[in-house]
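What follows is one structure encoded as structure tokens, with my remarks underneath.
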Amino acid sequence: MAKVKNARCGEYMISQSAEGTIKVAKDYENDKAALREIAEKIGFEADPAWTTRQFGRKLIETINDDAAKTKEYAYAESGEYVIFQTEEGSIQVYRDYDNVKGALREISEKIGFEYDPSWTTRQFGSKLIDELNK
């Protein structure tokens, strides 16, 4: 059984479960840019004058019909993305990568980590976590 371990690289979080499964998530620093990314993927027309809060709320309501019924905090999921509105109204965007190996390659390129294309996702993730935790 593999050891549980985690690492962070900027906006990226990599984790390895006790079973060895690798997950990669991204906690966007620029939520408005992330909202634009989501809007483009789903064909949502955004007003460039919207604030991040307005943009996020309208996108949440477009994706999640139930959110339009409440003024309280809400969230929506669209593919790999999660948009979350806090009770205070601020917007946070996360992405849980379906293509984990692709995300690992993305992170590797950012830090100049050489990887072997023959590695499995588990091997790659484990070695990258070790590298980031050096």
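The chains in the structure tokens are called A, B, ... from first to last as shown; in each chain the residues are counted from 1, and the ligands are counted from 1 in the order shown.
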Based on the backbone DSSP call, show me all residues of range 25-108 of chain A assigned strand (DSSP E), as a JSON list (two decimals) with C-alpha atoms, in the first residue's frame.
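Final output, saved to out_18.json:
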```
[["chain", "number", "residue", "atom", "x", "y", "z"],
["A", 25, "ALA", "CA", -6.76, 19.91, -8.43],
["A", 26, "LYS", "CA", -6.28, 23.57, -9.23],
["A", 27, "ASP", "CA", -7.34, 26.36, -6.89],
["A", 74, "ALA", "CA", -24.40, 28.50, -3.94],
["A", 75, "TYR", "CA", -22.22, 26.38, -6.16],
["A", 76, "ALA", "CA", -22.27, 24.75, -9.55],
["A", 77, "GLU", "CA", -20.30, 21.98, -11.21],
["A", 78, "SER", "CA", -19.48, 21.96, -14.90],
["A", 81, "TYR", "CA", -14.90, 22.76, -12.64],
["A", 82, "VAL", "CA", -16.57, 23.79, -9.40],
["A", 83, "ILE", "CA", -17.69, 27.38, -8.85],
["A", 84, "PHE", "CA", -18.47, 28.25, -5.27],
["A", 85, "GLN", "CA", -20.03, 31.41, -3.88],
["A", 91, "ILE", "CA", -16.41, 33.56, -5.82],
["A", 92, "GLN", "CA", -13.93, 30.70, -5.78],
["A", 93, "VAL", "CA", -13.16, 28.36, -8.66],
["A", 94, "TYR", "CA", -11.59, 24.91, -8.45],
["A", 95, "ARG", "CA", -10.79, 22.30, -11.05],
["A", 96, "ASP", "CA", -10.46, 18.57, -10.40]]
```
Checklist entry - What's the 8 Å shell around range 103-112 of chain A, counting only C-alpha atoms, without same-chain residues fewer than 6 positions away, as a PyMOL selection string? => result chain A and resi 9+12+24+97+124-125+128
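Between CA of Glu19 in chain A and CA of Gln123 in chain A there is a distance of 12.6 Å.
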Determine which residues of range 8-82 of chain A DSSP labels as alpha helix (DSSP H) from the backbone of this structure, then write them out as an mmCIF file with N, CA, C and O atoms, in the first residue's frame.
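Generated file (selection.cif):
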```
data_model
loop_
_atom_site.group_PDB
_atom_site.id
_atom_site.type_symbol
_atom_site.label_atom_id
_atom_site.label_comp_id
_atom_site.auth_asym_id
_atom_site.auth_seq_id
_atom_site.Cartn_x
_atom_site.Cartn_y
_atom_site.Cartn_z
ATOM 1 N N ASP A 31 -9.773 34.098 -10.214
ATOM 2 C CA ASP A 31 -11.079 33.465 -10.398
ATOM 3 C C ASP A 31 -11.817 33.984 -11.624
ATOM 4 O O ASP A 31 -12.524 33.240 -12.288
ATOM 5 N N LYS A 32 -11.637 35.251 -11.957
ATOM 6 C CA LYS A 32 -12.333 35.800 -13.129
ATOM 7 C C LYS A 32 -11.831 35.143 -14.413
ATOM 8 O O LYS A 32 -12.621 34.818 -15.296
ATOM 9 N N ALA A 33 -10.531 34.915 -14.497
ATOM 10 C CA ALA A 33 -9.976 34.220 -15.666
ATOM 11 C C ALA A 33 -10.519 32.795 -15.737
ATOM 12 O O ALA A 33 -10.838 32.289 -16.816
ATOM 13 N N ALA A 34 -10.646 32.151 -14.578
ATOM 14 C CA ALA A 34 -11.209 30.795 -14.539
ATOM 15 C C ALA A 34 -12.666 30.810 -14.987
ATOM 16 O O ALA A 34 -13.111 29.913 -15.714
ATOM 17 N N LEU A 35 -13.414 31.813 -14.571
ATOM 18 C CA LEU A 35 -14.817 31.930 -14.992
ATOM 19 C C LEU A 35 -14.903 32.102 -16.509
ATOM 20 O O LEU A 35 -15.774 31.508 -17.159
ATOM 21 N N ARG A 36 -13.985 32.892 -17.078
ATOM 22 C CA ARG A 36 -13.963 33.053 -18.537
ATOM 23 C C ARG A 36 -13.694 31.716 -19.225
ATOM 24 O O ARG A 36 -14.292 31.403 -20.249
ATOM 25 N N GLU A 37 -12.783 30.942 -18.644
ATOM 26 C CA GLU A 37 -12.443 29.619 -19.183
ATOM 27 C C GLU A 37 -13.682 28.717 -19.197
ATOM 28 O O GLU A 37 -13.965 28.043 -20.185
ATOM 29 N N ILE A 38 -14.425 28.717 -18.116
ATOM 30 C CA ILE A 38 -15.644 27.898 -18.012
ATOM 31 C C ILE A 38 -16.697 28.401 -18.984
ATOM 32 O O ILE A 38 -17.319 27.618 -19.703
ATOM 33 N N ALA A 39 -16.901 29.718 -19.021
ATOM 34 C CA ALA A 39 -17.912 30.309 -19.908
ATOM 35 C C ALA A 39 -17.636 29.938 -21.361
ATOM 36 O O ALA A 39 -18.558 29.585 -22.109
ATOM 37 N N GLU A 40 -16.374 30.000 -21.746
ATOM 38 C CA GLU A 40 -16.006 29.643 -23.114
ATOM 39 C C GLU A 40 -16.340 28.187 -23.403
ATOM 40 O O GLU A 40 -16.872 27.855 -24.459
ATOM 41 N N LYS A 41 -16.054 27.296 -22.456
ATOM 42 C CA LYS A 41 -16.301 25.862 -22.649
ATOM 43 C C LYS A 41 -17.791 25.544 -22.792
ATOM 44 O O LYS A 41 -18.150 24.616 -23.504
ATOM 45 N N ILE A 42 -18.641 26.302 -22.093
ATOM 46 C CA ILE A 42 -20.080 25.994 -22.153
ATOM 47 C C ILE A 42 -20.853 26.920 -23.085
ATOM 48 O O ILE A 42 -22.075 26.815 -23.200
ATOM 49 N N THR A 52 -16.271 40.033 -10.693
ATOM 50 C CA THR A 52 -16.105 38.595 -10.492
ATOM 51 C C THR A 52 -17.330 38.018 -9.788
ATOM 52 O O THR A 52 -17.811 36.939 -10.141
ATOM 53 N N ARG A 53 -17.869 38.738 -8.810
ATOM 54 C CA ARG A 53 -19.057 38.259 -8.079
ATOM 55 C C ARG A 53 -20.269 38.156 -9.001
ATOM 56 O O ARG A 53 -20.999 37.172 -8.953
ATOM 57 N N GLN A 54 -20.483 39.176 -9.845
ATOM 58 C CA GLN A 54 -21.627 39.134 -10.771
ATOM 59 C C GLN A 54 -21.458 38.006 -11.782
ATOM 60 O O GLN A 54 -22.392 37.239 -12.027
ATOM 61 N N PHE A 55 -20.285 37.919 -12.357
ATOM 62 C CA PHE A 55 -19.980 36.896 -13.357
ATOM 63 C C PHE A 55 -20.151 35.504 -12.752
ATOM 64 O O PHE A 55 -20.825 34.635 -13.313
ATOM 65 N N GLY A 56 -19.568 35.295 -11.579
ATOM 66 C CA GLY A 56 -19.658 33.996 -10.922
ATOM 67 C C GLY A 56 -21.090 33.608 -10.605
ATOM 68 O O GLY A 56 -21.507 32.473 -10.856
ATOM 69 N N ARG A 57 -21.850 34.531 -10.054
ATOM 70 C CA ARG A 57 -23.241 34.235 -9.692
ATOM 71 C C ARG A 57 -24.071 33.905 -10.931
ATOM 72 O O ARG A 57 -24.856 32.952 -10.934
ATOM 73 N N LYS A 58 -23.911 34.688 -12.001
ATOM 74 C CA LYS A 58 -24.678 34.423 -13.232
ATOM 75 C C LYS A 58 -24.295 33.078 -13.842
ATOM 76 O O LYS A 58 -25.154 32.343 -14.334
ATOM 77 N N LEU A 59 -23.029 32.735 -13.790
ATOM 78 C CA LEU A 59 -22.577 31.450 -14.305
ATOM 79 C C LEU A 59 -23.111 30.309 -13.435
ATOM 80 O O LEU A 59 -23.588 29.298 -13.962
ATOM 81 N N ILE A 60 -23.075 30.485 -12.115
ATOM 82 C CA ILE A 60 -23.639 29.480 -11.206
ATOM 83 C C ILE A 60 -25.116 29.265 -11.524
ATOM 84 O O ILE A 60 -25.586 28.129 -11.635
ATOM 85 N N GLU A 61 -25.866 30.352 -11.694
ATOM 86 C CA GLU A 61 -27.311 30.251 -11.966
ATOM 87 C C GLU A 61 -27.583 29.617 -13.332
ATOM 88 O O GLU A 61 -28.588 28.930 -13.510
ATOM 89 N N THR A 62 -26.695 29.842 -14.289
ATOM 90 C CA THR A 62 -26.860 29.235 -15.616
ATOM 91 C C THR A 62 -26.636 27.725 -15.547
ATOM 92 O O THR A 62 -27.371 26.955 -16.155
ATOM 93 N N ILE A 63 -25.642 27.315 -14.789
ATOM 94 C CA ILE A 63 -25.298 25.897 -14.691
ATOM 95 C C ILE A 63 -26.220 25.163 -13.724
ATOM 96 O O ILE A 63 -26.619 24.035 -13.966
#
```
Checklist entry - Of the candidates A:Glu88, A:Glu131, A:Gly102, A:Trp50, which shows the shortest atom-to-atom distance to Glu114 in chain A, using only C-alpha atoms? => result A:Glu131
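Here CA of Ala7 in chain A stands at a distance of 17.0 Å from CA of Glu29 in chain A.
Here the question is which of A:Asn133, A:Asp65, A:Glu87, A:Ser126 gets nearest to Val4 in chain A using only C-alpha atoms, and that residue is A:Ser126.
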